[in-house]
Amino acid sequence: MMAQTPIETQNSVEVRCAFCRGSGRDPFGIMSWLSACCVCLGKGHVTVQTPYDHCAHCDGTGAVNTLTCTVCRGKGVLPAIDGPTELCPKCKGTGDDRSAPAMDCLKCRGRGRIPAETANKNPDPADKRKGVKG
């Protein structure tokens with residue numbers, strides 16, 4: 001099993017692959033139990049930008065159901081948003097679209113958080129249609 005300690009290089013770091021949990025193999029055995037992981041290509045680790053945050057849409061697992069997370073592309077983490085952030089008012093931090101569970105929230109793009117200055121400047125277009133003032 002791979003160590004949990006990240007290996008740092010300039011503005012990126014290598015972390016354990018969330019999709020295969022560091023095994024380097026397809027965790028769901030869809031192609032074959034011997035197939036290499038489609039995210040890390042069998043290495044067991046992936047390179048991500050620093051700083052990074054946990055992916056809200058897949059809850060850091062890299063998978064939604066048995067599919068690769070479309071938000072983090074299976075890595076389980078995303079580059080951090082610069083500056084202060086607030087919980088997304090649309091998804092309440094889950095990163096999910098409530099009308100379609102496997103889809104990501106359109107307001108925060110699956111992150112569960114939005115920049116603090118954006119929260120008050122850009123009201124949700126759906127709220128305008130409903131007559132809600134933002």
# chains A, B, ... in the order shown; residues from 1 in each chain; ligands from 1
>>> residues_around(residues="stretch 110-116 of chain A", least_positions_apart="2", cutoff="7 Å", atoms="only C-alpha atoms", output="ChimeraX atom specification")
/A:55-57,71,81,83-88,91-96,104-105,108,118-119
>>> closest_residue(among="A:Ala100, A:Cys17, A:Cys38, A:Met31", to="A:Gly76", atoms="only C-alpha atoms")
A:Cys17
>>> select_by_dssp(residues="chain A", states="helix (DSSP H, G or I)", output="list in words")
Ala116, Glu117, Thr118, Ala119, Asn120, Lys121, Pro125, Ala126, Asp127, Lys128, Arg129 and Lys130 of chain A
>>> write_last_selection(atoms="C-alpha atoms", output="compact mmCIF listing (two decimals), in the first residue's frame")
# COMPACT_ATOMS: atom_id res chain seq x y z
CA ALA A 116 -17.30 34.99 -1.09
CA GLU A 117 -17.49 38.07 -3.34
CA THR A 118 -19.40 36.09 -5.99
CA ALA A 119 -22.08 34.96 -3.55
CA ASN A 120 -23.70 38.40 -3.38
CA LYS A 121 -22.84 39.71 -6.86
CA PRO A 125 -30.67 33.04 -12.64
CA ALA A 126 -33.39 30.60 -11.54
CA ASP A 127 -34.13 32.87 -8.58
CA LYS A 128 -34.73 35.81 -10.96
CA ARG A 129 -37.30 33.79 -12.87
CA LYS A 130 -39.09 33.00 -9.62
>>> closest_residue(among="A:Lys90, A:Thr47, A:Cys37, A:Val13", to="A:Leu106", atoms="only C-alpha atoms")
A:Lys90
>>> residues_around(residues="A:Cys72", least_positions_apart="5", cutoff="12 Å", atoms="only C-alpha atoms", output="number ranges by chain")
A: 17-19, 39, 46, 48-49, 52-64, 67, 77-80, 95, 104, 109-111
>>> write_last_selection(atoms="N, CA and C atoms", output="PDB file, in the first residue's frame")
ATOM      1  N   CYS A  17      -4.208   7.956  -5.592  1.00  0.00           N
ATOM      2  CA  CYS A  17      -5.357   8.007  -6.494  1.00  0.00           C
ATOM      3  C   CYS A  17      -6.624   7.665  -5.707  1.00  0.00           C
ATOM      4  N   ALA A  18      -7.592   8.572  -5.739  1.00  0.00           N
ATOM      5  CA  ALA A  18      -8.845   8.360  -5.003  1.00  0.00           C
ATOM      6  C   ALA A  18      -9.706   7.296  -5.678  1.00  0.00           C
ATOM      7  N   PHE A  19      -9.691   7.246  -6.992  1.00  0.00           N
ATOM      8  CA  PHE A  19     -10.567   6.338  -7.725  1.00  0.00           C
ATOM      9  C   PHE A  19     -10.247   4.881  -7.426  1.00  0.00           C
ATOM     10  N   VAL A  39      -7.793   6.450 -14.120  1.00  0.00           N
ATOM     11  CA  VAL A  39      -7.406   7.774 -13.639  1.00  0.00           C
ATOM     12  C   VAL A  39      -5.888   7.890 -13.501  1.00  0.00           C
ATOM     13  N   VAL A  46      -1.623  10.268  -8.379  1.00  0.00           N
ATOM     14  CA  VAL A  46      -1.888  11.286  -9.393  1.00  0.00           C
ATOM     15  C   VAL A  46      -1.229  12.596  -8.968  1.00  0.00           C
ATOM     16  N   VAL A  48      -1.542  16.610  -8.610  1.00  0.00           N
ATOM     17  CA  VAL A  48      -2.559  17.663  -8.496  1.00  0.00           C
ATOM     18  C   VAL A  48      -1.883  18.988  -8.163  1.00  0.00           C
ATOM     19  N   GLN A  49      -2.549  20.078  -8.518  1.00  0.00           N
ATOM     20  CA  GLN A  49      -2.038  21.410  -8.205  1.00  0.00           C
ATOM     21  C   GLN A  49      -2.206  21.705  -6.721  1.00  0.00           C
ATOM     22  N   TYR A  52      -4.926  22.445  -2.760  1.00  0.00           N
ATOM     23  CA  TYR A  52      -6.091  21.736  -3.274  1.00  0.00           C
ATOM     24  C   TYR A  52      -7.126  21.532  -2.186  1.00  0.00           C
ATOM     25  N   ASP A  53      -8.367  21.277  -2.622  1.00  0.00           N
ATOM     26  CA  ASP A  53      -9.496  21.024  -1.724  1.00  0.00           C
ATOM     27  C   ASP A  53     -10.137  19.695  -2.081  1.00  0.00           C
ATOM     28  N   HIS A  54     -10.807  19.126  -1.142  1.00  0.00           N
ATOM     29  CA  HIS A  54     -11.595  17.911  -1.263  1.00  0.00           C
ATOM     30  C   HIS A  54     -12.728  18.146  -2.293  1.00  0.00           C
ATOM     31  N   CYS A  55     -13.010  17.201  -3.164  1.00  0.00           N
ATOM     32  CA  CYS A  55     -14.107  17.319  -4.127  1.00  0.00           C
ATOM     33  C   CYS A  55     -15.427  17.019  -3.420  1.00  0.00           C
ATOM     34  N   ALA A  56     -16.322  17.996  -3.430  1.00  0.00           N
ATOM     35  CA  ALA A  56     -17.617  17.834  -2.759  1.00  0.00           C
ATOM     36  C   ALA A  56     -18.540  16.888  -3.530  1.00  0.00           C
ATOM     37  N   HIS A  57     -18.477  16.924  -4.852  1.00  0.00           N
ATOM     38  CA  HIS A  57     -19.404  16.132  -5.671  1.00  0.00           C
ATOM     39  C   HIS A  57     -19.255  14.632  -5.430  1.00  0.00           C
ATOM     40  N   CYS A  58     -18.035  14.137  -5.365  1.00  0.00           N
ATOM     41  CA  CYS A  58     -17.816  12.697  -5.148  1.00  0.00           C
ATOM     42  C   CYS A  58     -17.403  12.395  -3.715  1.00  0.00           C
ATOM     43  N   ASP A  59     -17.353  13.418  -2.880  1.00  0.00           N
ATOM     44  CA  ASP A  59     -16.941  13.286  -1.482  1.00  0.00           C
ATOM     45  C   ASP A  59     -15.514  12.745  -1.373  1.00  0.00           C
ATOM     46  N   GLY A  60     -14.671  13.108  -2.346  1.00  0.00           N
ATOM     47  CA  GLY A  60     -13.260  12.717  -2.317  1.00  0.00           C
ATOM     48  C   GLY A  60     -12.973  11.296  -2.744  1.00  0.00           C
ATOM     49  N   THR A  61     -13.980  10.564  -3.208  1.00  0.00           N
ATOM     50  CA  THR A  61     -13.775   9.169  -3.608  1.00  0.00           C
ATOM     51  C   THR A  61     -13.307   9.022  -5.050  1.00  0.00           C
ATOM     52  N   GLY A  62     -13.529  10.049  -5.869  1.00  0.00           N
ATOM     53  CA  GLY A  62     -13.161   9.978  -7.276  1.00  0.00           C
ATOM     54  C   GLY A  62     -14.220   9.319  -8.138  1.00  0.00           C
ATOM     55  N   ALA A  63     -15.301   8.817  -7.514  1.00  0.00           N
ATOM     56  CA  ALA A  63     -16.348   8.116  -8.265  1.00  0.00           C
ATOM     57  C   ALA A  63     -17.732   8.575  -7.829  1.00  0.00           C
ATOM     58  N   VAL A  64     -18.628   8.645  -8.791  1.00  0.00           N
ATOM     59  CA  VAL A  64     -20.048   8.879  -8.537  1.00  0.00           C
ATOM     60  C   VAL A  64     -20.741   7.652  -9.103  1.00  0.00           C
ATOM     61  N   LEU A  67     -18.997   5.482 -11.873  1.00  0.00           N
ATOM     62  CA  LEU A  67     -18.398   6.290 -12.930  1.00  0.00           C
ATOM     63  C   LEU A  67     -17.348   7.237 -12.360  1.00  0.00           C
ATOM     64  N   VAL A  77      -9.754  15.398  -5.535  1.00  0.00           N
ATOM     65  CA  VAL A  77      -9.422  16.755  -5.105  1.00  0.00           C
ATOM     66  C   VAL A  77      -9.455  17.716  -6.288  1.00  0.00           C
ATOM     67  N   LEU A  78      -9.602  19.005  -5.971  1.00  0.00           N
ATOM     68  CA  LEU A  78      -9.631  20.073  -6.975  1.00  0.00           C
ATOM     69  C   LEU A  78      -8.704  21.194  -6.540  1.00  0.00           C
ATOM     70  N   PRO A  79      -8.183  21.987  -7.493  1.00  0.00           N
ATOM     71  CA  PRO A  79      -7.402  23.156  -7.076  1.00  0.00           C
ATOM     72  C   PRO A  79      -8.270  24.058  -6.199  1.00  0.00           C
ATOM     73  N   ALA A  80      -7.691  24.589  -5.132  1.00  0.00           N
ATOM     74  CA  ALA A  80      -8.430  25.437  -4.200  1.00  0.00           C
ATOM     75  C   ALA A  80      -8.847  26.749  -4.856  1.00  0.00           C
ATOM     76  N   GLY A  95     -22.333  19.824  -3.635  1.00  0.00           N
ATOM     77  CA  GLY A  95     -21.778  19.761  -4.975  1.00  0.00           C
ATOM     78  C   GLY A  95     -22.688  19.060  -5.965  1.00  0.00           C
ATOM     79  N   ASP A 104     -23.477  17.450 -11.332  1.00  0.00           N
ATOM     80  CA  ASP A 104     -22.924  18.420 -10.398  1.00  0.00           C
ATOM     81  C   ASP A 104     -23.728  19.721 -10.402  1.00  0.00           C
ATOM     82  N   ARG A 109     -20.287  24.432  -9.702  1.00  0.00           N
ATOM     83  CA  ARG A 109     -19.629  23.447 -10.577  1.00  0.00           C
ATOM     84  C   ARG A 109     -19.117  22.235  -9.806  1.00  0.00           C
ATOM     85  N   GLY A 110     -19.911  21.825  -8.813  1.00  0.00           N
ATOM     86  CA  GLY A 110     -19.603  20.622  -8.057  1.00  0.00           C
ATOM     87  C   GLY A 110     -18.643  20.795  -6.902  1.00  0.00           C
ATOM     88  N   ARG A 111     -18.175  22.009  -6.666  1.00  0.00           N
ATOM     89  CA  ARG A 111     -17.200  22.252  -5.600  1.00  0.00           C
ATOM     90  C   ARG A 111     -17.837  22.340  -4.215  1.00  0.00           C
TER      91      ARG A 111
END
